[in-house]
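Reproduced below: target-v1.txt, with compact mmCIF, C-alpha atoms.
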```txt
# COMPACT_ATOMS: atom_id res chain seq x y z
CA MET A 1 66.79 -24.46 -9.59
CA PHE A 2 66.11 -26.48 -12.72
CA GLY A 3 64.47 -23.41 -14.24
CA PHE A 4 67.62 -21.40 -13.56
CA ILE A 5 69.80 -24.11 -15.14
CA GLY A 6 67.53 -24.24 -18.17
CA LYS A 7 67.73 -20.48 -18.63
CA THR A 8 71.50 -20.61 -18.27
CA VAL A 9 71.79 -23.30 -20.94
CA ARG A 10 69.62 -21.28 -23.30
CA VAL A 11 71.69 -18.14 -22.72
CA LEU A 12 74.92 -20.02 -23.35
CA ALA A 13 73.48 -21.55 -26.50
CA LEU A 14 72.35 -18.16 -27.81
CA THR A 15 75.75 -16.67 -26.95
CA GLY A 16 77.45 -19.45 -28.89
CA VAL A 17 75.26 -18.81 -31.91
CA ALA A 18 75.98 -15.08 -31.70
CA LEU A 19 79.71 -15.73 -31.59
CA LEU A 20 79.50 -18.04 -34.59
CA LEU A 21 77.56 -15.43 -36.55
CA SER A 22 80.02 -12.73 -35.51
CA ASN A 23 82.98 -14.80 -36.64
CA ALA A 24 81.25 -15.60 -39.91
CA ASN A 25 80.53 -11.93 -40.54
CA SER A 26 84.12 -10.99 -39.70
CA ALA A 27 85.43 -13.61 -42.11
CA ALA A 28 83.09 -12.37 -44.82
CA ALA A 29 84.18 -8.78 -44.22
CA ILE A 30 87.79 -9.57 -45.12
CA HIS A 31 87.01 -12.01 -47.92
CA PRO A 32 87.70 -10.27 -51.24
CA GLU A 33 84.95 -10.22 -53.83
CA THR A 34 85.60 -10.19 -57.57
CA VAL A 35 84.82 -6.81 -59.13
CA ASN A 36 85.48 -5.23 -62.50
CA ALA A 37 88.43 -3.03 -63.41
CA ALA A 38 88.03 0.66 -64.14
CA PRO A 39 88.20 1.20 -67.93
CA THR A 40 91.13 3.46 -68.78
CA GLY A 41 91.62 5.38 -71.99
CA SER A 42 94.33 7.44 -73.60
CA GLU A 43 97.14 9.36 -71.97
CA THR A 44 96.01 12.62 -70.39
CA SER A 45 97.41 15.63 -68.54
CA VAL A 46 99.51 15.11 -65.42
CA PRO A 47 98.18 16.89 -62.31
CA TYR A 48 100.39 19.84 -61.40
CA GLY A 49 100.30 18.67 -57.78
CA TRP A 50 102.11 15.46 -58.83
CA VAL A 51 104.69 17.37 -60.89
CA GLU A 52 105.46 19.71 -58.01
CA PHE A 53 105.52 16.81 -55.52
CA CYS A 54 108.09 15.02 -57.69
CA GLU A 55 110.32 18.08 -57.73
CA ARG A 56 110.56 17.80 -53.94
CA HIS A 57 110.46 13.99 -53.66
CA ALA A 58 112.28 12.65 -56.70
CA GLU A 59 112.78 9.28 -55.02
CA GLU A 60 108.99 8.76 -55.06
CA CYS A 61 108.70 9.46 -58.79
CA LEU A 62 111.41 7.43 -60.48
CA GLU A 63 110.90 6.66 -64.17
CA GLU A 64 110.23 2.93 -64.19
CA ASP A 65 108.69 1.59 -67.40
CA HIS A 66 107.53 -1.96 -66.69
CA ALA A 67 104.71 -4.38 -67.29
CA ALA A 68 101.50 -3.89 -65.34
CA GLN A 69 101.47 -5.78 -62.06
CA ASP A 70 98.46 -6.58 -59.87
CA ILE A 71 98.24 -7.56 -56.21
CA GLU A 72 97.17 -11.15 -55.55
CA LEU A 73 94.21 -10.28 -53.35
CA THR A 74 93.98 -13.05 -50.79
CA ALA A 75 92.00 -12.59 -47.58
CA ALA A 76 95.30 -12.02 -45.75
CA ALA A 77 96.41 -9.35 -48.24
CA LEU A 78 93.06 -7.57 -47.98
CA LYS A 79 93.31 -7.62 -44.20
CA ARG A 80 96.77 -6.00 -44.30
CA ILE A 81 95.62 -3.37 -46.80
CA SER A 82 92.53 -2.60 -44.71
CA ARG A 83 94.63 -2.23 -41.56
CA ILE A 84 97.07 0.21 -43.19
CA ASN A 85 94.20 2.19 -44.70
CA ALA A 86 92.42 2.55 -41.35
CA GLU A 87 95.60 3.34 -39.41
CA ILE A 88 96.53 6.19 -41.75
CA ASN A 89 92.99 7.55 -41.79
CA ARG A 90 93.10 7.76 -37.99
CA SER A 91 96.64 9.09 -37.70
CA ILE A 92 96.35 12.11 -40.03
CA GLU A 93 94.46 15.27 -39.08
CA PRO A 94 92.45 16.46 -42.11
CA MET A 95 93.44 19.95 -43.17
CA THR A 96 93.02 21.84 -46.44
CA ASP A 97 96.03 23.08 -48.38
CA ILE A 98 94.84 26.65 -47.88
CA ASP A 99 94.86 26.24 -44.10
CA GLN A 100 98.11 24.29 -44.00
CA TRP A 101 100.20 25.87 -46.74
CA GLY A 102 98.31 28.97 -47.84
CA MET A 103 98.02 27.36 -51.31
CA ILE A 104 95.07 26.05 -53.30
CA ASP A 105 96.73 22.73 -54.06
CA ARG A 106 99.91 21.13 -52.74
CA TRP A 107 100.63 17.39 -52.68
CA ASP A 108 102.95 16.11 -49.99
CA LEU A 109 103.63 13.31 -47.55
CA PRO A 110 101.99 14.39 -44.25
CA ALA A 111 105.19 14.45 -42.18
CA ASP A 112 103.59 16.79 -39.64
CA GLY A 113 100.50 14.58 -39.21
CA LYS A 114 98.23 16.91 -41.21
CA GLY A 115 97.03 16.84 -44.80
CA ASP A 116 94.25 16.54 -47.34
CA CYS A 117 93.10 13.73 -49.61
CA GLU A 118 96.18 13.55 -51.86
CA ASP A 119 98.46 13.45 -48.83
CA TYR A 120 96.57 10.50 -47.36
CA ALA A 121 96.81 8.68 -50.70
CA LEU A 122 100.55 9.36 -51.03
CA LEU A 123 101.26 8.07 -47.53
CA LYS A 124 99.13 4.96 -48.08
CA ARG A 125 101.02 4.24 -51.29
CA LYS A 126 104.38 4.64 -49.56
CA SER A 127 103.29 2.50 -46.59
CA LEU A 128 101.92 -0.28 -48.79
CA VAL A 129 105.14 -0.36 -50.83
CA ALA A 130 107.09 -0.64 -47.56
CA ALA A 131 104.78 -3.54 -46.61
CA GLY A 132 105.82 -5.39 -49.78
CA PHE A 133 103.06 -4.54 -52.24
CA PRO A 134 104.12 -3.56 -55.80
CA ARG A 135 104.05 0.15 -56.51
CA ALA A 136 102.76 -0.55 -60.02
CA ALA A 137 99.49 -1.70 -58.44
CA LEU A 138 99.09 1.42 -56.27
CA LEU A 139 97.78 4.30 -58.34
CA ILE A 140 96.97 7.85 -57.25
CA THR A 141 93.57 8.64 -58.74
CA VAL A 142 91.70 11.90 -59.30
CA VAL A 143 87.91 11.80 -58.92
CA LYS A 144 84.97 14.19 -58.64
CA GLN A 145 82.54 14.10 -55.74
CA ARG A 146 78.79 14.42 -56.24
CA ASN A 147 78.99 18.12 -55.37
CA GLY A 148 81.54 18.64 -58.14
CA GLU A 149 84.53 19.09 -55.84
CA GLY A 150 87.80 17.41 -56.71
CA HIS A 151 89.05 14.54 -54.56
CA SER A 152 91.85 11.98 -54.68
CA VAL A 153 91.95 8.32 -53.67
CA LEU A 154 94.37 5.41 -54.04
CA THR A 155 93.35 2.73 -56.54
CA ILE A 156 94.53 -0.80 -55.75
CA LYS A 157 94.90 -2.97 -58.87
CA THR A 158 94.29 -6.56 -57.82
CA SER A 159 93.62 -10.02 -59.17
CA GLN A 160 90.01 -9.49 -58.05
CA GLY A 161 89.53 -6.11 -59.76
CA ASP A 162 90.04 -2.48 -58.78
CA TYR A 163 89.58 -1.37 -55.17
CA VAL A 164 89.82 2.09 -53.63
CA LEU A 165 91.39 3.44 -50.43
CA ASP A 166 89.75 6.68 -49.36
CA ASN A 167 90.45 9.02 -46.45
CA LEU A 168 86.68 9.54 -46.06
CA THR A 169 86.03 5.91 -45.10
CA ASP A 170 87.94 2.98 -43.60
CA ARG A 171 86.17 0.57 -45.95
CA VAL A 172 88.19 -0.84 -48.84
CA ARG A 173 85.58 -0.55 -51.59
CA PRO A 174 85.36 -1.67 -55.21
CA TRP A 175 85.89 1.39 -57.40
CA SER A 176 82.39 0.94 -58.88
CA ALA A 177 80.81 1.04 -55.38
CA THR A 178 82.07 4.55 -54.63
CA PRO A 179 79.93 7.68 -55.18
CA TYR A 180 82.60 9.31 -57.37
CA ARG A 181 83.08 10.14 -61.02
CA PHE A 182 86.55 8.87 -61.90
CA VAL A 183 88.64 11.28 -63.96
CA LYS A 184 92.22 10.01 -64.32
CA ARG A 185 94.96 8.08 -62.59
CA GLN A 186 98.57 6.99 -62.88
CA SER A 187 99.43 4.42 -65.52
CA GLN A 188 100.50 1.01 -64.24
CA GLU A 189 103.37 0.94 -66.71
CA ASN A 190 104.81 4.35 -65.75
CA GLN A 191 103.76 6.26 -62.65
CA ASN A 192 104.60 9.60 -64.27
CA VAL A 193 102.14 8.97 -67.10
CA TRP A 194 98.45 9.55 -66.38
CA VAL A 195 95.51 8.01 -68.21
CA ALA A 196 91.86 9.02 -68.47
CA ILE A 197 89.13 6.87 -66.91
CA ALA A 198 85.84 6.20 -68.69
CA PRO A 199 82.53 6.81 -66.85
CA LYS A 200 81.20 3.87 -64.83
CA ASP A 201 78.22 3.23 -67.11
CA GLU A 202 80.45 3.29 -70.17
CA GLY A 203 82.79 0.86 -68.44
CA SER A 204 79.88 -1.53 -67.82
CA GLN A 205 78.94 -1.40 -71.50
CA LEU A 206 82.53 -2.12 -72.55
CA ALA A 207 82.69 -5.09 -70.16
CA GLN A 208 79.55 -6.59 -71.71
CA ARG A 209 80.88 -6.49 -75.27
```
As structure tokens - that is how I would like this structure written.
Amino acid sequence: MFGFIGKTVRVLALTGVALLLSNANSAAAIHPETVNAAPTGSETSVPYGWVEFCERHAEECLEEDHAAQDIELTAAALKRISRINAEINRSIEPMTDIDQWGMIDRWDLPADGKGDCEDYALLKRKSLVAAGFPRAALLITVVKQRNGEGHSVLTIKTSQGDYVLDNLTDRVRPWSATPYRFVKRQSQENQNVWVAIAPKDEGSQLAQR
């Protein structure tokens, strides 16, 4: 009997330790780390997909020149952003523009529950604005994958650096921790102006100067 009680105590103790470690890991997972910002350069060409999107959704593309504004990235803010990112990733069925529209490239809000990378990014931007985050900190971004294919993500400009929301993962990652080559993104001062992004290694060199 005493042996049984001793085993029970040990099991309870180990369970308690496991729960403590689990809670600690969960807290760490939503605790924002400080990362660097992606180095942007001069004004560059505007993606045709954005131009055509704005012709159909003018309310999403209003000319609003203003000072750059970042999100204050508290643990609570990161948790809300992560939840919205994951919910949209799960709610949209991935589908290429060719299969959905018979076009090579078309940007749109996925009203029918289907879309490709730009559509995910546009819906995340709209949902985060509705949740109270500043649109000036939510930037559609064009990148290249390792295989050379184009891809789009949503850059989140924060007090802790630049993070990325991606339809290929539920993780909210620092831009520098992604496997992509960053090409260009919306300007914080005017969403209809796009700026080039320097390569990651060049950005590291600039940060060290």
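Take the candidates A:Tyr180, A:Phe133, A:Trp175, A:Trp194 and check each one against Arg80 (chain A) using all atoms listed in the file; the shortest distance goes to A:Phe133.
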Record the distance separating CA of His151 (chain A) and CA of Glu118 (chain A), expressed in Å with one decimal.
7.7 Å
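With all atoms listed in the file as the basis for measurement, A:Thr44 is the residue among A:Thr96, A:Ser127, A:Ser159, A:Thr44 that approaches Ile197 (chain A) most closely.
Between Ile104 (chain A) and the residues A:Asp116, A:Ser152, A:His66, A:Arg146, the shortest atom-to-atom distance, using all atoms listed in the file, involves A:Asp116.
Put simply, CA of Glu64 (chain A) is 22.9 Å away from CA of Tyr163 (chain A).
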Need to verify the contact set: Leu73 (chain A), 12 Å, all atoms listed in the file, exclusion of same-chain residues closer than 4 positions in sequence. Can you return it as a PyMOL selection string?
chain A and resi 30-35+77-82+133+137+156-163
Okay, now the selection with C-alpha atoms, as an mmCIF file, in the frame of the given file?
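Saved the output as part-v1.cif:
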```cif
data_model
loop_
_atom_site.group_PDB
_atom_site.id
_atom_site.type_symbol
_atom_site.label_atom_id
_atom_site.label_comp_id
_atom_site.auth_asym_id
_atom_site.auth_seq_id
_atom_site.Cartn_x
_atom_site.Cartn_y
_atom_site.Cartn_z
ATOM 1 C CA ILE A 30 87.790 -9.570 -45.120
ATOM 2 C CA HIS A 31 87.010 -12.010 -47.920
ATOM 3 C CA PRO A 32 87.700 -10.270 -51.240
ATOM 4 C CA GLU A 33 84.950 -10.220 -53.830
ATOM 5 C CA THR A 34 85.600 -10.190 -57.570
ATOM 6 C CA VAL A 35 84.820 -6.810 -59.130
ATOM 7 C CA ALA A 77 96.410 -9.350 -48.240
ATOM 8 C CA LEU A 78 93.060 -7.570 -47.980
ATOM 9 C CA LYS A 79 93.310 -7.620 -44.200
ATOM 10 C CA ARG A 80 96.770 -6.000 -44.300
ATOM 11 C CA ILE A 81 95.620 -3.370 -46.800
ATOM 12 C CA SER A 82 92.530 -2.600 -44.710
ATOM 13 C CA PHE A 133 103.060 -4.540 -52.240
ATOM 14 C CA ALA A 137 99.490 -1.700 -58.440
ATOM 15 C CA ILE A 156 94.530 -0.800 -55.750
ATOM 16 C CA LYS A 157 94.900 -2.970 -58.870
ATOM 17 C CA THR A 158 94.290 -6.560 -57.820
ATOM 18 C CA SER A 159 93.620 -10.020 -59.170
ATOM 19 C CA GLN A 160 90.010 -9.490 -58.050
ATOM 20 C CA GLY A 161 89.530 -6.110 -59.760
ATOM 21 C CA ASP A 162 90.040 -2.480 -58.780
ATOM 22 C CA TYR A 163 89.580 -1.370 -55.170
#
```
Once you count only C-alpha atoms, which residues end up no further than 12 Å from (104.3, 17.1, -58.4) in the file's frame, shown as a ChimeraX atom specification?
/A:46-58,60-61,105-109,118-119,122,140,191-192
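The two atoms in question, CA of Glu149 (chain A) and CA of Met103 (chain A), are spaced 16.5 Å apart.
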Taking into account only C-alpha atoms, which residue in the set A:Leu154, A:Ile84, A:Val142, A:Ile98 is nearest to Asp166 (chain A)?
A:Leu154
List as a PDB file with C-alpha atoms, in the frame of the given file the protein and nucleic acid residues near Ala67 (chain A), meaning an atom at most 9 Å away when only C-alpha atoms are counted, but skip any in the same chain fewer than 2 places from it.
```
ATOM      1  CA  ASP A  65     108.690   1.590 -67.400  1.00  0.00           C
ATOM      2  CA  GLN A  69     101.470  -5.780 -62.060  1.00  0.00           C
ATOM      3  CA  ALA A 136     102.760  -0.550 -60.020  1.00  0.00           C
ATOM      4  CA  GLN A 188     100.500   1.010 -64.240  1.00  0.00           C
ATOM      5  CA  GLU A 189     103.370   0.940 -66.710  1.00  0.00           C
ATOM      6  CA  ASN A 190     104.810   4.350 -65.750  1.00  0.00           C
TER       7      ASN A 190
END
```
